[in-house]
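J.: Below you will find the structure I want to go over with you.
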Amino acid sequence: MTDTAIEFWTAHPKARLGERWVALRRHGLFDPDWCLAKVTDGRGRRQLDQLLRDEFARPGFNSVFEYTVVAKEDAGGVAQRFAEIGHADRLILRLLPEAPRV
């Protein structure tokens, strides 16, 4: 088994997210149990993105633009799966922003 380092990038600030923030807020995706995963551009991106969605996506509403919503506890499994197929360097995991303050 290969050790895979996972780097969680923090989500963009609300002002930079723009329309994405509306979708995040509408669907309650600022829940700390979830993170956003994305396959970087390049050869086979669509197939890798489909694999990500088929195997790890949150049930129901599971994507925000080019990001797929996955359980934070599954992040290690996502990284391991991408390492197994030789594409660990093509995966980005982002923490979701904190819930808006009322």
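Residue names in the structure tokens use chain letters A, B, ... in the order shown, residue numbers from 1 in each chain, and ligand numbers from 1 in the order shown.
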List as a VMD selection string the protein and nucleic acid residues near His87 (chain A), meaning an atom at most 12 Å away when only C-alpha atoms are counted, but skip any in the same chain fewer than 4 places from it.

T.: chain A and resid 4 39 to 45 47 to 49 51 to 52 78 to 83 91 to 92

J.: Could you check the closest approach to Arg25 (chain A) for each of A:Glu66, A:Gly77, A:Arg58, A:Leu96 and tell me which residue wins, using only C-alpha atoms?

T.: A:Leu96

J.: List every residue of chain A that DSSP, applied to the backbone of this structure, places in strand (DSSP E), and write the result as a ChimeraX atom specification.

T.: /A:8-9,34-39,63-64,67-71,91-95

J.: Pull N, CA and C atoms from the residues just selected and write them as a PDB file, in the first residue's frame.

T.:
ATOM      1  N   PHE A   8      -5.186  19.464   2.293  1.00  0.00           N
ATOM      2  CA  PHE A   8      -6.470  20.150   2.216  1.00  0.00           C
ATOM      3  C   PHE A   8      -6.205  21.627   1.994  1.00  0.00           C
ATOM      4  N   TRP A   9      -6.699  22.155   0.910  1.00  0.00           N
ATOM      5  CA  TRP A   9      -6.622  23.592   0.672  1.00  0.00           C
ATOM      6  C   TRP A   9      -7.850  24.218   1.284  1.00  0.00           C
ATOM      7  N   TRP A  34     -17.993  17.582   5.256  1.00  0.00           N
ATOM      8  CA  TRP A  34     -17.835  17.439   3.813  1.00  0.00           C
ATOM      9  C   TRP A  34     -16.655  18.264   3.327  1.00  0.00           C
ATOM     10  N   CYS A  35     -16.084  17.871   2.199  1.00  0.00           N
ATOM     11  CA  CYS A  35     -15.060  18.675   1.542  1.00  0.00           C
ATOM     12  C   CYS A  35     -15.316  18.626   0.039  1.00  0.00           C
ATOM     13  N   LEU A  36     -14.630  19.462  -0.688  1.00  0.00           N
ATOM     14  CA  LEU A  36     -14.766  19.514  -2.139  1.00  0.00           C
ATOM     15  C   LEU A  36     -13.546  18.861  -2.767  1.00  0.00           C
ATOM     16  N   ALA A  37     -13.774  18.049  -3.774  1.00  0.00           N
ATOM     17  CA  ALA A  37     -12.685  17.378  -4.486  1.00  0.00           C
ATOM     18  C   ALA A  37     -12.770  17.753  -5.961  1.00  0.00           C
ATOM     19  N   LYS A  38     -11.603  17.914  -6.577  1.00  0.00           N
ATOM     20  CA  LYS A  38     -11.550  18.306  -7.978  1.00  0.00           C
ATOM     21  C   LYS A  38     -10.389  17.587  -8.652  1.00  0.00           C
ATOM     22  N   VAL A  39     -10.606  17.202  -9.892  1.00  0.00           N
ATOM     23  CA  VAL A  39      -9.543  16.636 -10.706  1.00  0.00           C
ATOM     24  C   VAL A  39      -8.988  17.775 -11.550  1.00  0.00           C
ATOM     25  N   SER A  63     -22.381  18.060  -6.418  1.00  0.00           N
ATOM     26  CA  SER A  63     -21.349  18.825  -7.112  1.00  0.00           C
ATOM     27  C   SER A  63     -21.646  20.316  -7.050  1.00  0.00           C
ATOM     28  N   VAL A  64     -20.577  21.079  -7.011  1.00  0.00           N
ATOM     29  CA  VAL A  64     -20.653  22.535  -7.046  1.00  0.00           C
ATOM     30  C   VAL A  64     -19.702  22.955  -8.153  1.00  0.00           C
ATOM     31  N   TYR A  67     -16.354  21.062  -8.804  1.00  0.00           N
ATOM     32  CA  TYR A  67     -15.989  20.308  -7.607  1.00  0.00           C
ATOM     33  C   TYR A  67     -17.037  19.251  -7.278  1.00  0.00           C
ATOM     34  N   THR A  68     -16.588  18.125  -6.734  1.00  0.00           N
ATOM     35  CA  THR A  68     -17.463  17.064  -6.255  1.00  0.00           C
ATOM     36  C   THR A  68     -17.442  17.098  -4.736  1.00  0.00           C
ATOM     37  N   VAL A  69     -18.603  16.961  -4.122  1.00  0.00           N
ATOM     38  CA  VAL A  69     -18.715  16.975  -2.664  1.00  0.00           C
ATOM     39  C   VAL A  69     -18.505  15.548  -2.154  1.00  0.00           C
ATOM     40  N   VAL A  70     -17.514  15.379  -1.282  1.00  0.00           N
ATOM     41  CA  VAL A  70     -17.225  14.072  -0.689  1.00  0.00           C
ATOM     42  C   VAL A  70     -17.137  14.226   0.824  1.00  0.00           C
ATOM     43  N   ALA A  71     -17.372  13.125   1.521  1.00  0.00           N
ATOM     44  CA  ALA A  71     -17.239  13.142   2.981  1.00  0.00           C
ATOM     45  C   ALA A  71     -15.770  13.337   3.337  1.00  0.00           C
ATOM     46  N   LEU A  91      -5.353  15.377  -7.992  1.00  0.00           N
ATOM     47  CA  LEU A  91      -6.474  15.533  -7.073  1.00  0.00           C
ATOM     48  C   LEU A  91      -6.276  16.740  -6.167  1.00  0.00           C
ATOM     49  N   ILE A  92      -7.320  17.542  -6.046  1.00  0.00           N
ATOM     50  CA  ILE A  92      -7.331  18.682  -5.125  1.00  0.00           C
ATOM     51  C   ILE A  92      -8.490  18.474  -4.152  1.00  0.00           C
ATOM     52  N   LEU A  93      -8.218  18.604  -2.876  1.00  0.00           N
ATOM     53  CA  LEU A  93      -9.258  18.535  -1.847  1.00  0.00           C
ATOM     54  C   LEU A  93      -9.324  19.892  -1.158  1.00  0.00           C
ATOM     55  N   ARG A  94     -10.504  20.444  -1.056  1.00  0.00           N
ATOM     56  CA  ARG A  94     -10.689  21.750  -0.404  1.00  0.00           C
ATOM     57  C   ARG A  94     -11.644  21.628   0.773  1.00  0.00           C
ATOM     58  N   LEU A  95     -11.264  22.238   1.862  1.00  0.00           N
ATOM     59  CA  LEU A  95     -12.172  22.316   3.003  1.00  0.00           C
ATOM     60  C   LEU A  95     -13.309  23.264   2.644  1.00  0.00           C
TER      61      LEU A  95
END

J.: Go through A:Gly76, A:Phe56, A:Asp89, A:Asn62 and flag the residue nearest His27 (chain A), using only C-alpha atoms for the distances.

T.: A:Asn62

J.: At what distance in Å, to one decimal, does CA of Ile85 (chain A) lie from CA of Glu55 (chain A)?

T.: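 For CA of Glu55 (chain A) relative to CA of Ile85 (chain A), the distance reads 13.6 Å.
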
J.: Once DSSP has gone over the backbone, tell me which residues of region 25-84 of chain A are in alpha helix (DSSP H), as a list of chain:residue names.

T.: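 DSSP on the backbone gives alpha helix (DSSP H) at A:Arg25, A:Arg26, A:Arg45, A:Arg46, A:Gln47, A:Leu48, A:Asp49, A:Gln50, A:Leu51, A:Leu52, A:Arg53, A:Asp54, A:Glu55, A:Phe56, A:Ala75, A:Gly76, A:Gly77, A:Val78, A:Ala79, A:Gln80, A:Arg81, A:Phe82, A:Ala83, A:Glu84.
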
J.: Keeping only C-alpha atoms, write those residues as a short mmCIF file (atom, residue, chain, number, x, y, z; two decimals), in the first residue's frame.

T.:
data_model
loop_
_atom_site.label_atom_id
_atom_site.label_comp_id
_atom_site.auth_asym_id
_atom_site.auth_seq_id
_atom_site.Cartn_x
_atom_site.Cartn_y
_atom_site.Cartn_z
CA ARG A 25 -25.30 28.05 1.31
CA ARG A 26 -28.47 26.82 -0.42
CA ARG A 45 -9.92 14.60 -16.76
CA ARG A 46 -13.52 13.66 -17.58
CA GLN A 47 -12.93 9.99 -16.88
CA LEU A 48 -11.17 10.74 -13.59
CA ASP A 49 -13.94 13.15 -12.61
CA GLN A 50 -16.56 10.49 -13.38
CA LEU A 51 -14.65 7.95 -11.27
CA LEU A 52 -14.56 10.46 -8.40
CA ARG A 53 -18.31 11.03 -8.64
CA ASP A 54 -19.23 7.37 -9.10
CA GLU A 55 -17.16 6.08 -6.18
CA PHE A 56 -17.07 8.91 -3.62
CA ALA A 75 -10.67 11.89 1.70
CA GLY A 76 -8.00 9.31 2.49
CA GLY A 77 -9.82 6.73 0.39
CA VAL A 78 -10.14 9.18 -2.49
CA ALA A 79 -6.42 9.96 -2.35
CA GLN A 80 -5.55 6.26 -2.10
CA ARG A 81 -7.74 5.38 -5.10
CA PHE A 82 -6.11 8.09 -7.21
CA ALA A 83 -2.67 6.88 -6.10
CA GLU A 84 -3.56 3.32 -7.12
#

J.: If I take CA of Ala23 (chain A) and CA of Gly60 (chain A), how far is one from the other in Å, to one decimal?

T.: 13.8 Å
